[in-house]
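What follows is a single structure, written as C-alpha cells, with notes after it.
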Amino acid sequence: MSRLDVLVGDSWGQRVVVLGTLILYGYLAVTDPGVARAGLAGGLSTITSLATTIVAAFFLASAIGELLPEERLAEFLGASASAHEVVAAGLVAGLVPGGPYAVYPIIDRMRDRGADTPAVLTMLTGYSLISVGRVPYGLVFFGPHVVGLRLLIAGTATVAVGTGLFGVGALRRGT
C-alpha cells in the first residue's frame, strides 16, 4: 500500500469520502471558518470517544475470523450451501450485535474462508435489516407494536432475499 493509499484510501469508496470531506472543509474554511472549526472539534471528539471501541472491534473480528473453521464455512456457506443454510446465515447475522466496524470484518473474514456470494449478501442484508441491537432504541421511541412489525418485515425480507440469492447462485452454477 502506497503512502497515497494511506492518505486517501485504496478504494474508490474511501477516496470519495476522504476527498469529499477535504473539499467540504476547504469550502467551509473559506466561507465560514467558525463552522469548519466546530465541525473539526466535533469530529475529533467523536474519534476520541469511539477510537478504542473501533480498534477493539477490529481485533475481535480478526480473532473471530481466525477461529472460524474454513472447511466448515465452505461446507455450510460455500457454493454447495442449501437455501436453508443461506437464509439461516442472514437470520443469524441479524442477531449479531455491534456496528458495521465490528460485523463487516467478521462477514468479510467468512467470505475469505469460503462463504459464497449469496450467503455473504444475505448476511449483510440480515444484519442491516434485522439488527437486534436497535431493538431497545426502537422500543423507547416506537413501542413494541412497531418494533415487532419491523422485525417481522425484516425477517421476512431477509428470507426472501436469501432465497432469491440462493436461486441466482444456483442458476449461475448451472445446478
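As shown in the C-alpha cells, the chain order sets the letters A, B, ...; within each chain, residues go from 1, and ligands are also counted from 1 in the order they appear.
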Near segment 86-90 of chain A, 9 Å: segment 114-138 of chain A residue rows, closest pairs, only C-alpha atoms, as a tab-separated table:
```
residue	atom	partner	partner_atom	distance
A:Pro118	CA	A:Val86	CA	6.9
A:Ala119	CA	A:Val86	CA	4.9
A:Val120	CA	A:Gly90	CA	8.1
A:Leu121	CA	A:Gly90	CA	8.1
A:Thr122	CA	A:Gly90	CA	4.7
A:Met123	CA	A:Gly90	CA	3.9
A:Leu124	CA	A:Gly90	CA	7.0
A:Thr125	CA	A:Gly90	CA	6.6
A:Gly126	CA	A:Gly90	CA	4.4
A:Tyr127	CA	A:Gly90	CA	6.9
```
Residues of the last selection are to be written out with N, CA, C and O atoms, as a PDB file, in the first residue's frame.
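Okay, this is what ended up in part.pdb:
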```pdb
ATOM      1  N   PRO A 118     -23.944 -15.491  -2.414  1.00  0.00           N
ATOM      2  CA  PRO A 118     -25.320 -15.427  -1.897  1.00  0.00           C
ATOM      3  C   PRO A 118     -25.387 -15.408  -0.366  1.00  0.00           C
ATOM      4  O   PRO A 118     -26.169 -14.659   0.215  1.00  0.00           O
ATOM      5  N   ALA A 119     -24.547 -16.204   0.298  1.00  0.00           N
ATOM      6  CA  ALA A 119     -24.546 -16.225   1.756  1.00  0.00           C
ATOM      7  C   ALA A 119     -24.030 -14.901   2.318  1.00  0.00           C
ATOM      8  O   ALA A 119     -24.593 -14.361   3.279  1.00  0.00           O
ATOM      9  N   VAL A 120     -22.986 -14.358   1.725  1.00  0.00           N
ATOM     10  CA  VAL A 120     -22.424 -13.080   2.191  1.00  0.00           C
ATOM     11  C   VAL A 120     -23.453 -11.963   2.036  1.00  0.00           C
ATOM     12  O   VAL A 120     -23.687 -11.175   2.967  1.00  0.00           O
ATOM     13  N   LEU A 121     -24.095 -11.886   0.876  1.00  0.00           N
ATOM     14  CA  LEU A 121     -25.095 -10.843   0.654  1.00  0.00           C
ATOM     15  C   LEU A 121     -26.297 -11.010   1.579  1.00  0.00           C
ATOM     16  O   LEU A 121     -26.854 -10.022   2.069  1.00  0.00           O
ATOM     17  N   THR A 122     -26.678 -12.253   1.840  1.00  0.00           N
ATOM     18  CA  THR A 122     -27.797 -12.486   2.754  1.00  0.00           C
ATOM     19  C   THR A 122     -27.408 -12.113   4.178  1.00  0.00           C
ATOM     20  O   THR A 122     -28.223 -11.552   4.922  1.00  0.00           O
ATOM     21  N   MET A 123     -26.164 -12.389   4.572  1.00  0.00           N
ATOM     22  CA  MET A 123     -25.708 -11.975   5.908  1.00  0.00           C
ATOM     23  C   MET A 123     -25.718 -10.456   6.035  1.00  0.00           C
ATOM     24  O   MET A 123     -26.172  -9.907   7.052  1.00  0.00           O
ATOM     25  N   LEU A 124     -25.240  -9.765   5.016  1.00  0.00           N
ATOM     26  CA  LEU A 124     -25.247  -8.294   5.050  1.00  0.00           C
ATOM     27  C   LEU A 124     -26.672  -7.756   5.108  1.00  0.00           C
ATOM     28  O   LEU A 124     -26.965  -6.800   5.835  1.00  0.00           O
ATOM     29  N   THR A 125     -27.565  -8.393   4.359  1.00  0.00           N
ATOM     30  CA  THR A 125     -28.968  -7.977   4.362  1.00  0.00           C
ATOM     31  C   THR A 125     -29.602  -8.216   5.729  1.00  0.00           C
ATOM     32  O   THR A 125     -30.258  -7.331   6.287  1.00  0.00           O
ATOM     33  N   GLY A 126     -29.410  -9.413   6.277  1.00  0.00           N
ATOM     34  CA  GLY A 126     -29.976  -9.731   7.587  1.00  0.00           C
ATOM     35  C   GLY A 126     -29.446  -8.822   8.670  1.00  0.00           C
ATOM     36  O   GLY A 126     -30.206  -8.314   9.510  1.00  0.00           O
ATOM     37  N   TYR A 127     -28.139  -8.573   8.646  1.00  0.00           N
ATOM     38  CA  TYR A 127     -27.547  -7.666   9.636  1.00  0.00           C
ATOM     39  C   TYR A 127     -28.155  -6.271   9.513  1.00  0.00           C
ATOM     40  O   TYR A 127     -28.517  -5.646  10.515  1.00  0.00           O
TER      41      TYR A 127
END
```
Practice task
Please provide the set of residues having any atom within 10 Å of segment 51-55 of chain A, restricted to only C-alpha atoms, with same-chain residues fewer than 6 positions apart removed, written as a list of chain:residue names.
Solution key: A:Ser45, A:Ala61, A:Gly99, A:Pro100, A:Tyr101, A:Ala102
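We find atom CA of Leu68 of chain A and atom CA of Ala154 of chain A to be spaced 26.5 Å apart.
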Practice task
Point out the residue among A:Ala79, A:Leu22, A:Met110, A:Val35 with the least atom-to-atom distance to Ala63 of chain A, counting only C-alpha atoms.
Solution key: A:Met110
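Among A:Trp12, A:Gly162, A:Val140, A:Asp112, the residue with the shortest atom-to-atom distance to Glu71 of chain A, counting only C-alpha atoms, is A:Asp112.
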Practice task
Enumerate, as a ChimeraX atom specification, the complete set of residues in segment 10-139 of chain A that a backbone-based DSSP assignment places in alpha helix (DSSP H).
Solution key: /A:12-31,33-67,70-77,83-93,100-112,117-129,135-139
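If you measure from each of A:Tyr27, A:Ser80, A:Gly42, A:Leu129 to Ile153 of chain A using only C-alpha atoms, the closest one turns out to be A:Leu129.
Closest approach to Ala81 of chain A from the set A:Asp116, A:Glu66, A:Asp32, A:Asp5 is made by A:Asp116, with distances taken over only C-alpha atoms.
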Give me, as a PDB file with C-alpha atoms, in the first residue's frame, all polymer residues having an atom no more than 12 Å from Glu70 of chain A, counting only C-alpha atoms and skipping those fewer than 6 positions away in the same chain.
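New file around_20.pdb:
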```pdb
ATOM      1  CA  ILE A  64     -13.267 -14.496  15.463  1.00  0.00           C
ATOM      2  CA  PHE A  76     -22.249 -24.681   5.058  1.00  0.00           C
ATOM      3  CA  LEU A  77     -21.997 -21.306   3.322  1.00  0.00           C
ATOM      4  CA  GLY A  78     -19.993 -22.071   0.189  1.00  0.00           C
ATOM      5  CA  ARG A 109     -13.487 -12.970   7.031  1.00  0.00           C
ATOM      6  CA  MET A 110     -16.256 -15.527   6.462  1.00  0.00           C
ATOM      7  CA  ARG A 111     -16.144 -14.661   2.762  1.00  0.00           C
ATOM      8  CA  ASP A 112     -12.367 -15.118   2.764  1.00  0.00           C
ATOM      9  CA  ARG A 113     -12.809 -18.502   4.436  1.00  0.00           C
ATOM     10  CA  GLY A 114     -15.251 -19.888   1.884  1.00  0.00           C
ATOM     11  CA  ALA A 115     -18.687 -18.283   2.227  1.00  0.00           C
TER      12      ALA A 115
END
```
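Between atom CA of Phe142 of chain A and atom CA of Val92 of chain A lies a distance of 24.0 Å.
Counting from atom CA of Val146 of chain A, the distance to atom CA of Gly94 of chain A is 17.6 Å.
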